[in-house]
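One structure is given below, encoded as structure tokens.
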Amino acid sequence: MTIEALKKEIFAQIAQIQNEAVLQKVRVMLESISKENELFYRIVKPVRPTLTVEMLIKEQNYKGFDRKGFDSLVQKLDIQDPIQELLNKLEGSRDR
């Protein structure tokens, strides 16, 4: 069934309703559906047909990872403890 045929069928059913309370319920239901639909389209954005990593990098102004700066910081910290000991300390501080 096409959308237009479905609309005509729904309109015909609504046109036969003689009870005002029932029509009010239909109106409220249609308003609710409309609000949900509007909210959905504000939250969910359609995915573009073509999307590349390069496009995302440019759009989000991604600068990348400063490896030299990171290595310099690691040297300045001069951490001598074994990695497992450091991880255990982190885990212990999380439990508090």
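Every chain in the structure tokens takes a letter, A first, then B, and so on in the order presented; its residues are numbered from 1, and the ligands are numbered from 1 following the presented order.
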**OP:** Give me every helix (DSSP H, G or I) residue in segment 26-91 of chain A, going by DSSP on the backbone, as a PyMOL selection string.
**Re:** chain A and resi 26-43+53-59+67-77+83-91
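As for atom CA of Ile14 of chain A and atom CA of Val28 of chain A, they are spaced 13.6 Å apart.
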Subject >> Separation of atom CA of Leu56 of chain A from atom CA of Ile43 of chain A, in Å and rounded to one decimal >> reply: 19.4 Å
Original post:
Between atom CA of Arg42 of chain A and atom CA of Lys7 of chain A, what is the spacing in Å?
Top reply: 24.9 Å
